[in-house]
Each structure stands twice: as structure tokens, then as C-alpha cells.
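Report on one structure; see the data block that follows.
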Amino acid sequence: MTSKPCTLYEKIWDAHVVERRNDGSCLIYIDRHLVHEVTSPQAFEALRLAGRKVRRPDLTIAVPDHNLPTTARRDAAGKRIPIGDVESAQQLAALETNAPEFGIRYIGDSDAEQGIVHVVGPEQGFSLPGTTIVCGDSHTACHGGLGALAFGIGTSEVEHVLATQTLILKQSKTMEVRVEGGLRPGVTAKDLILHIIGVIGTAGGTGHVIEYRGKVFEEMSVEGRLTVCNMSIEGGARAGLVAPDETTFAYVQGRPYAPKGAEWDKAVAWWRTLHTDPGASFDKSVVINAAEIEPTVTWGTSPEDTVAIGGVVPSPDSFADPNKQKAAQASLDYMGLEPGTPMTEVEIQNVFIGSCTNSRIEDLRAAAAVLRGRHKAENVKWAIVVPGSGLVKRQAEAEGLDKVFIEAGLEWREPGCSACLGMNPDKVPAGERSASTSNRNFMGRQGPGSRTHLVSPAMAAAAAVTGRLTDVRELVG
Amino acid sequence: MTPIRHVAGKAIPFGAKNVDTDIIIPAHWLKTITREGMGRGAFEVLRKDPDNLFDNPEYKGAPILIAGDNFGCGSSREHAAWALLDLGITCVIAPSFSDIFASNAFKNGILTVVLPQDQVDRLLEVAQTDPVDIDLESQTVTTPFQDRFPFEIDPFRKHCLLEGLDEVGLTLAENDVISAYERRAAGELSFLSGKVERAA
Ligand code: SF4
């Protein structure tokens, strides 16, 4: 059959259409649903009130992550240490009862597999290429790194998916972000995505699904691809995709939920067809030259406020758009920064290495490589490393990374969202600055009054060592 | 859901651009397990300013909010929609909305109206002193003056909002179609939506 050339997104979309409606919307089948404690209680409540069941409990897993403290969860006797915050405890307890009540697998706070949903899904082989994946969390875009169509949904949609295993959606427009050439040494997936968001802006991808294309992504590890796709939402796109390839298959094979035997072969055969056909067209296309990208940091309170580490805090007048000028001024006031200040002179007091953007084993290895044999600076008051899951934690410990962090004066924590958002006890104090590997530098995101500079794991480690934002290439050549 | 046909009354002339859901409802309000009472946390940071619009008696209980570009960007929290509803807002007008916010708003019976910036600017001006009127049936925003701004809306969303229909109930009624897809997929794409089991 000859059909018109399709993009990767269109292929996955077409495979999941349950029904096309007259108004152009489609009922789309959802293959995988990840549930966490923050956006699900009201959905379960609504099901219960309406006497509705979960249609496919086997396609759903529940993991607590946002509210869990990252300090020890059990005492020496194995007894659960109570959570101080009453509301956090209430949300966590709600998930722990809701999941089994509706027949869903619950990965609990002291299971080795527990972690941030977006780390757990790929790690368990639950998230697969070509699947549709949803979660009540905007960083679900992350799973696109496997070549899955993955996006965040709200609580009403969580309820809709639980009850029907479908969503009513309109097909998105397609956007290609094509990166040409290769990255320079010392420049990582995180620098790349920060740079991309700086170029396209936080609304650049609105209404679109981004496909990241080019040699850089083909050569990138799955972990790097997850980092890139994770922040698609910061570029306004609901989802990001990297076409699955041999690297992806090698990553997925053998994981607990991955298909086995003949099913595996059948899956791989289909996955190999999942790429944008030659001649397929995108609604929008952005081309980026990889060689121009330096280790990148943010200076403001929007993820598009990026600058190369060798750059300076921009002046609001340097923006053409008067609204952006106003926003930039507000950002600088909040961040306590003066235009013209070299980024490398910005002192930081906190370092956070973690979050669904950068808490996989590769990220911890990158941070540890910088910290090995070094110590955090005097002015860095609080520096924590939070693995994305219990399995990442175990792996890191097997490699001795925990010791590297501890000897460098950093804290080694239990898995969870931690200081990515001010929801659990890990917070950056008001007025203080952090170098953070997370994905959002919004006002108050890491705690009321906190000032966030988004960086890669290696750059966060470098900042810990010098006590200021630092070009990691000066520490490790 | 409460049907929406017509929203008329005071409109909060907010106008700010890129208002993310952290501003609409800060993270610490996400720790609830029910939908009610969230209005107290709406725009909490902005409301620390004693002159803020939201606590201005002029706009108390106003059913309409006029915002700037890219309203509701950032985190997907549906609490943002619940917070607005709890404040009494049932319609938001802006030059653009984040996709997730617009969909959350709809699912909770909030009408989002997209108008070009110059028309939004005009409404911001009118709202300082006068009411604004949104008629969903005819898809128009009007003011007591000569203004008459038509807007687009997805026909399915329009229908659901007008009738106050619950989406989950509507889709459950299509059980047969979903089952048919599952049977089809169980053959061709069994590794996607076939029975998922974990290796021991
Ligand atoms: S780590 Fe941060 S961005 Fe990721 S799911 Fe948790 S809170 Fe959201």
C-alpha cells in the first residue's frame, strides 16, 4: 500500500484512533497510565461517587513521588516514619488506598522500584516506543525520549482514562526541531534543551508536538533523550518525540514490563517503522546549529531565559518586545541580578541534583565525575543529590557514587521529586539561589522566594565546587 | 456540570501575560484531596499586594477574567481551574491559552475565549468601568458600547458546555467502540495494549 509520507507523530496517532468524530476530534486509546498522589485523589473520588470502575488496571501503575520526604522512610526497626506535613500524609495515604481499591499496582514508598513516575515508567519497561502514555503531570513529555507519544493531563482526564482507557483529543500540529552538527565536548542533553527553549521561547511549541531530529539525537543515549523530551513542555509543546532506534530497543529489552519472546520480535518489527518518512512535512520547523551551543544556564524566572555560561545577565532593553522587557525586569528584580553581570560571578547557596529531568544514573555519573576528589565550596549551604528511583539509587551505590557525593559534602537522599517543587520538605530558602538540574525556574518553584538557575548535572556539580555558576569545562578538561 | 449559555457581568481586567499555573494556584495548595475551597489560594502571591484586583470590592464575585497571552502555562495542575471556579470565574478571555489549561478549564465547565490582542485590550479598557457579556450560543463577546467580537470554539466543547455534559459519561456510552479497538489492537499491536504483565 502506498500512502502519503507521515511523520512519526502521525503514525503513532493513527495507530491509536478508536474513533474519528465529525468535529475533527478523535477518541484515542491510551496504552499506559502513570498515576501519582497529587493529581489523582479527586479522580478516584469522582469514580467512587459515580460507581465507576477502572477499565484496564493492568495498563496503570501508581507511584508516590511529589510529596514524599527524601529522608529515611523507615526507622531501624522497619517501622514507617510518619510524615510531618498533615496534607502530604493525607495525599499519600489516599493513593495507597485508592490504587489497590481499584486494582492498580501500587509501588510503595519503600519498594526498590519507587521513584519519580517519569523515571519509573521507562526504567520498568512500562513506557514503550509507539505507546500513548499519559500521567497527571506535565513532564510526562519525558517518555517521548523512547519514541512514545506521552503527554500530561489534568485530573478530569485522569478520571476519563481510568474509566475508559481513552481520551478525546484533537490531533496536534507537528514541529520539527532539527539540530545540525554535533555537540561540543562538555555540552550535554540538558544544555541542548535549555538552548532550544531559549531559541523557540516558552510558547514556541504551543499546539504542536515536537520531533527532535538530527545526528545529535541519534547518537544520544536514551537517558539524554528523556532529558530533552522532558522539557518539551517548557517550550510550550505538550509532547516531544525522538524516533526509536537500536539504542532504544537495547534500552527497553529485558526490562520487567517489556514484551518477551515472539511478542518482542513483533514489537521491534513495528517499532522499526516508527520514523518520519522522507518527504513528510511538518507544520513548523526550527533548525539549530549544535556547534554554537555552550553549557547553558538560566538567568530569569522563565525557562526561555537562557544564556551561555560565558555570557552576562541581559539588560531588559535588549529585548525587542515591550512585554518581554517588562517580564525581564520583573525576573531580574525577583532574581536579585544586575544586567551585565557575568553569569560566572553569580554566587549560589544551594545545589539540587535530581528531578525527572536529570536524576537517572547517567546524570549522577556526570555529576560524580566532576565532584570526585573535590569538595563543595564554603558558601554552599545545602547541596543534595536525589536519585530518580530506588533502582537508580542502588545502581549508584554499587558504583560508589554515593561516597563521591558524601565526601564532596553533598547529601545523598531517597528517591522523589524533592526540591524540584516546593511541595515536600526539600526547599530552597527565600532569597537564596540554587543551581538546579530540574526543569522550572518559576518564581517560588523551589520554595517561596527561591531563586533558581537551571543547569545540567555536571554544571550543578561544578557550581557546588566553586560556589558560583561555573563553566564545568574549566574544572574538567 | 453546570451548563453555560451566557456569562455576563464584571470582568477582572487582569491582562498579565504568561501567567503560569503556579501563579494561579501555588504548589502548596495542591495538597488537597477534594476540589472545594481552592479560591482562597487563587493568585495568592499577587493578592499579598493590598491593591490587587482580585480582592478589590469592584470585582468581587466577577464571573469573567481577562488575561494576557499564554494564560495557564506551566504545570498541568487542574487545581488552577478549580481555584478559578471557586472564585466564581466561569469565563476567561485571553489572546491565547496553554493547551492543558484550556482543556482543564473546559472539563470543569469554564469557557475559554480566544480573541486577538487588540480586542482583548479593548475589553480590558471597558472592564475598568463596565460589564462584559459573552454569549456562547452565538459565539460573541459584547460590551455596553458598540463592541461585538465573534470567537471560535470547538463544536464538541460548545455542545458539552451548553448542555453541562460530563465527558466520562459520554465516552462510557461508547463502550462497544472501545472494545472493538481493543480486540483489533490485541491482534496487530498486542505488545501495546494487550494484557500487560510484569516479569517475575
Ligand atoms: S521531578 Fe519535578 S517536574 Fe518531575 S514530576 Fe516531580 S515535580 Fe514534576
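Identifiers in the C-alpha cells: chain A, B, ... in order shown; residue index from 1 per chain; ligand index from 1 in order shown.
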
Backbone DSSP call of alpha helix (DSSP H) for segment 75-182 of chain B, listed as a ChimeraX atom specification: /B:79-87,99-107,117-127,155-163,167-172,175-182

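Contact shell of Val196 of chain B at 9 Å (only C-alpha atoms; same-chain neighbours under 4 positions omitted): Asp58, Leu59, Phe126, Tyr257, Ala258 and Pro259 of chain A; Phe191 and Leu192 of chain B.
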
What are the closest atom pairs, with distances in Å to one decimal, for each residue of chain A lying within 6 Å of chain B, using only C-alpha atoms, rows by chain and rising residue number, as JSON lines?
```
{"residue": "A:Val18", "atom": "CA", "partner": "B:Tyr181", "partner_atom": "CA", "distance": 5.7}
{"residue": "A:Asp31", "atom": "CA", "partner": "B:Ser193", "partner_atom": "CA", "distance": 5.3}
{"residue": "A:Pro41", "atom": "CA", "partner": "B:Ile33", "partner_atom": "CA", "distance": 5.2}
{"residue": "A:Gln42", "atom": "CA", "partner": "B:Thr34", "partner_atom": "CA", "distance": 5.6}
{"residue": "A:Asp58", "atom": "CA", "partner": "B:Val196", "partner_atom": "CA", "distance": 5.7}
{"residue": "A:Glu87", "atom": "CA", "partner": "B:Lys31", "partner_atom": "CA", "distance": 5.6}
{"residue": "A:Asp137", "atom": "CA", "partner": "B:Ser76", "partner_atom": "CA", "distance": 5.8}
{"residue": "A:Ser138", "atom": "CA", "partner": "B:Ser76", "partner_atom": "CA", "distance": 5.1}
{"residue": "A:Gly154", "atom": "CA", "partner": "B:Glu78", "partner_atom": "CA", "distance": 5.1}
{"residue": "A:Thr155", "atom": "CA", "partner": "B:Glu78", "partner_atom": "CA", "distance": 5.9}
{"residue": "A:His160", "atom": "CA", "partner": "B:Val168", "partner_atom": "CA", "distance": 5.2}
{"residue": "A:Pro256", "atom": "CA", "partner": "B:Ala199", "partner_atom": "CA", "distance": 4.9}
{"residue": "A:Tyr257", "atom": "CA", "partner": "B:Arg198", "partner_atom": "CA", "distance": 4.7}
{"residue": "A:Met423", "atom": "CA", "partner": "B:His28", "partner_atom": "CA", "distance": 5.8}
```

Using the selection just defined, write its residues with all heavy atoms as an mmCIF file, in the first residue's frame.
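Once everything was written out, this is selection.cif:
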```cif
data_model
loop_
_atom_site.group_PDB
_atom_site.id
_atom_site.type_symbol
_atom_site.label_atom_id
_atom_site.label_comp_id
_atom_site.auth_asym_id
_atom_site.auth_seq_id
_atom_site.Cartn_x
_atom_site.Cartn_y
_atom_site.Cartn_z
ATOM 1 N N VAL A 18 -9.429 5.292 18.086
ATOM 2 C CA VAL A 18 -10.541 4.398 18.372
ATOM 3 C C VAL A 18 -11.720 4.807 17.493
ATOM 4 O O VAL A 18 -12.432 3.990 16.953
ATOM 5 C CB VAL A 18 -10.937 4.496 19.868
ATOM 6 C CG1 VAL A 18 -12.224 3.720 20.141
ATOM 7 C CG2 VAL A 18 -9.795 4.003 20.749
ATOM 8 N N ASP A 31 -2.347 3.600 26.086
ATOM 9 C CA ASP A 31 -1.723 2.310 26.403
ATOM 10 C C ASP A 31 -1.154 2.223 27.815
ATOM 11 O O ASP A 31 -1.059 1.140 28.384
ATOM 12 C CB ASP A 31 -0.563 2.031 25.435
ATOM 13 C CG ASP A 31 -1.010 1.946 23.994
ATOM 14 O OD1 ASP A 31 -2.053 1.323 23.735
ATOM 15 O OD2 ASP A 31 -0.318 2.512 23.127
ATOM 16 N N PRO A 41 -6.239 12.085 43.560
ATOM 17 C CA PRO A 41 -7.280 11.828 44.571
ATOM 18 C C PRO A 41 -8.671 12.230 44.104
ATOM 19 O O PRO A 41 -9.634 11.481 44.293
ATOM 20 C CB PRO A 41 -6.852 12.673 45.775
ATOM 21 C CG PRO A 41 -5.454 13.084 45.551
ATOM 22 C CD PRO A 41 -5.173 12.958 44.092
ATOM 23 N N GLN A 42 -8.777 13.391 43.459
ATOM 24 C CA GLN A 42 -10.095 13.861 43.030
ATOM 25 C C GLN A 42 -10.656 13.000 41.894
ATOM 26 O O GLN A 42 -11.860 12.909 41.729
ATOM 27 C CB GLN A 42 -10.015 15.328 42.608
ATOM 28 C CG GLN A 42 -9.857 16.313 43.773
ATOM 29 C CD GLN A 42 -8.411 16.613 44.161
ATOM 30 O OE1 GLN A 42 -7.485 15.967 43.674
ATOM 31 N NE2 GLN A 42 -8.218 17.581 45.036
ATOM 32 N N ASP A 58 -4.497 -3.150 34.463
ATOM 33 C CA ASP A 58 -3.170 -3.665 34.101
ATOM 34 C C ASP A 58 -2.371 -2.651 33.282
ATOM 35 O O ASP A 58 -1.157 -2.796 33.135
ATOM 36 C CB ASP A 58 -3.297 -4.987 33.327
ATOM 37 C CG ASP A 58 -4.027 -4.828 32.000
ATOM 38 O OD1 ASP A 58 -5.082 -4.152 31.977
ATOM 39 O OD2 ASP A 58 -3.549 -5.360 30.988
ATOM 40 N N GLU A 87 -1.137 17.386 55.303
ATOM 41 C CA GLU A 87 -1.757 17.308 53.975
ATOM 42 C C GLU A 87 -0.988 16.367 53.047
ATOM 43 O O GLU A 87 -1.586 15.619 52.278
ATOM 44 C CB GLU A 87 -1.859 18.692 53.359
ATOM 45 C CG GLU A 87 -2.916 19.531 54.045
ATOM 46 C CD GLU A 87 -2.928 20.940 53.527
ATOM 47 O OE1 GLU A 87 -1.832 21.530 53.422
ATOM 48 O OE2 GLU A 87 -4.013 21.444 53.213
ATOM 49 N N ASP A 137 0.571 14.984 34.951
ATOM 50 C CA ASP A 137 1.791 15.719 35.232
ATOM 51 C C ASP A 137 2.390 16.181 33.909
ATOM 52 O O ASP A 137 2.561 15.366 32.997
ATOM 53 C CB ASP A 137 2.775 14.788 35.935
ATOM 54 C CG ASP A 137 3.992 15.528 36.419
ATOM 55 O OD1 ASP A 137 4.841 15.885 35.580
ATOM 56 O OD2 ASP A 137 4.083 15.774 37.626
ATOM 57 N N SER A 138 2.714 17.456 33.806
ATOM 58 C CA SER A 138 3.101 17.994 32.503
ATOM 59 C C SER A 138 4.439 17.441 31.994
ATOM 60 O O SER A 138 4.706 17.496 30.805
ATOM 61 C CB SER A 138 3.136 19.513 32.538
ATOM 62 O OG SER A 138 3.955 19.968 33.562
ATOM 63 N N GLY A 154 -4.861 16.638 32.911
ATOM 64 C CA GLY A 154 -5.409 17.131 34.171
ATOM 65 C C GLY A 154 -6.198 16.046 34.885
ATOM 66 O O GLY A 154 -6.395 14.947 34.356
ATOM 67 N N THR A 155 -6.654 16.374 36.081
ATOM 68 C CA THR A 155 -7.321 15.367 36.907
ATOM 69 C C THR A 155 -8.611 14.828 36.274
ATOM 70 O O THR A 155 -8.903 13.640 36.370
ATOM 71 C CB THR A 155 -7.595 15.931 38.310
ATOM 72 O OG1 THR A 155 -6.325 16.243 38.885
ATOM 73 C CG2 THR A 155 -8.298 14.932 39.201
ATOM 74 N N HIS A 160 -11.058 10.277 33.241
ATOM 75 C CA HIS A 160 -11.544 9.789 31.947
ATOM 76 C C HIS A 160 -10.740 8.561 31.504
ATOM 77 O O HIS A 160 -11.312 7.571 31.033
ATOM 78 C CB HIS A 160 -11.440 10.912 30.912
ATOM 79 C CG HIS A 160 -12.225 10.689 29.666
ATOM 80 N ND1 HIS A 160 -11.745 9.955 28.619
ATOM 81 C CD2 HIS A 160 -13.466 11.096 29.307
ATOM 82 C CE1 HIS A 160 -12.667 9.926 27.661
ATOM 83 N NE2 HIS A 160 -13.710 10.612 28.057
ATOM 84 N N PRO A 256 11.325 -5.235 33.209
ATOM 85 C CA PRO A 256 10.242 -6.075 33.731
ATOM 86 C C PRO A 256 8.956 -6.094 32.902
ATOM 87 O O PRO A 256 8.381 -7.157 32.689
ATOM 88 C CB PRO A 256 9.993 -5.510 35.124
ATOM 89 C CG PRO A 256 11.295 -4.907 35.529
ATOM 90 C CD PRO A 256 11.945 -4.420 34.268
ATOM 91 N N TYR A 257 8.489 -4.950 32.423
ATOM 92 C CA TYR A 257 7.218 -4.929 31.701
ATOM 93 C C TYR A 257 7.396 -5.041 30.178
ATOM 94 O O TYR A 257 6.415 -5.028 29.443
ATOM 95 C CB TYR A 257 6.455 -3.629 31.987
ATOM 96 C CG TYR A 257 5.754 -3.582 33.328
ATOM 97 C CD1 TYR A 257 6.320 -2.919 34.413
ATOM 98 C CD2 TYR A 257 4.511 -4.177 33.508
ATOM 99 C CE1 TYR A 257 5.675 -2.846 35.642
ATOM 100 C CE2 TYR A 257 3.853 -4.108 34.728
ATOM 101 C CZ TYR A 257 4.444 -3.441 35.789
ATOM 102 O OH TYR A 257 3.796 -3.368 36.998
ATOM 103 N N MET A 423 6.954 21.299 47.504
ATOM 104 C CA MET A 423 5.793 20.560 47.952
ATOM 105 C C MET A 423 6.104 19.607 49.099
ATOM 106 O O MET A 423 5.212 19.141 49.798
ATOM 107 C CB MET A 423 5.282 19.743 46.774
ATOM 108 C CG MET A 423 3.838 19.448 46.908
ATOM 109 S SD MET A 423 3.192 18.806 45.416
ATOM 110 C CE MET A 423 1.501 18.731 45.955
#
```

List every residue of segment 386-476 of chain A that DSSP, applied to the backbone of this structure, assigns to strand (DSSP E or B), and report them as a compact mmCIF listing (two decimals) with N, CA, C and O atoms, in the first residue's frame.
```txt
# COMPACT_ATOMS: atom_id res chain seq x y z
N SER A 389 15.02 7.08 41.29
CA SER A 389 14.29 5.91 41.75
C SER A 389 15.17 5.11 42.70
O SER A 389 16.39 5.34 42.77
N GLU A 411 24.54 15.82 50.25
CA GLU A 411 23.70 14.83 50.91
C GLU A 411 23.17 13.84 49.88
O GLU A 411 22.86 14.21 48.76
N TRP A 412 23.04 12.59 50.30
CA TRP A 412 22.59 11.51 49.42
C TRP A 412 21.22 11.08 49.92
O TRP A 412 21.09 10.63 51.06
N ARG A 433 19.82 31.40 46.28
CA ARG A 433 19.94 30.96 44.91
C ARG A 433 20.30 29.48 44.85
O ARG A 433 21.06 29.01 45.70
N SER A 434 19.80 28.81 43.83
CA SER A 434 20.22 27.43 43.67
C SER A 434 20.64 27.17 42.24
O SER A 434 20.12 27.79 41.30
N ALA A 435 21.62 26.28 42.11
CA ALA A 435 21.94 25.71 40.80
C ALA A 435 21.20 24.38 40.81
O ALA A 435 21.46 23.52 41.65
N SER A 436 20.24 24.23 39.90
CA SER A 436 19.33 23.10 39.99
C SER A 436 19.22 22.38 38.64
O SER A 436 19.12 23.02 37.60
N ARG A 451 15.36 31.34 44.32
CA ARG A 451 15.86 31.81 43.03
C ARG A 451 16.61 30.68 42.35
O ARG A 451 17.65 30.24 42.83
N THR A 452 16.06 30.23 41.23
CA THR A 452 16.58 29.02 40.58
C THR A 452 17.36 29.32 39.30
O THR A 452 16.90 30.08 38.47
N HIS A 453 18.51 28.70 39.17
CA HIS A 453 19.25 28.71 37.90
C HIS A 453 19.26 27.27 37.39
O HIS A 453 19.82 26.38 38.05
N LEU A 454 18.65 27.04 36.24
CA LEU A 454 18.60 25.69 35.69
C LEU A 454 19.93 25.37 35.01
O LEU A 454 20.47 26.19 34.26
N ARG A 468 29.74 29.23 42.81
CA ARG A 468 29.11 30.17 41.87
C ARG A 468 28.84 29.42 40.57
O ARG A 468 29.39 28.33 40.37
```

Residues within 10 Å of ligand 1, counting only C-alpha atoms and all ligand atoms, as a PyMOL selection string: (chain A and resi 36+38+64-67+115-119+135-140+142+230-231+354-359+386+388+415-424+437-440+445-446) or (chain B and resi 27+75-76)

Counting only C-alpha atoms, the option among A:Val86, A:Val287, A:Met220, A:Ala99 closest to Arg178 of chain A: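 When distances to Arg178 of chain A are compared using only C-alpha atoms, the smallest one comes from A:Val287.
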
Atom pair atom CA of Val126 of chain B / atom CA of Ala11 of chain B: separation (Å): 8.9 Å

Gly108 of chain A surroundings by only C-alpha atoms, 7 Å radius, close-in-sequence under 3 positions cut, as an MDAnalysis selection string: chainID A and resid 63:64 111 114
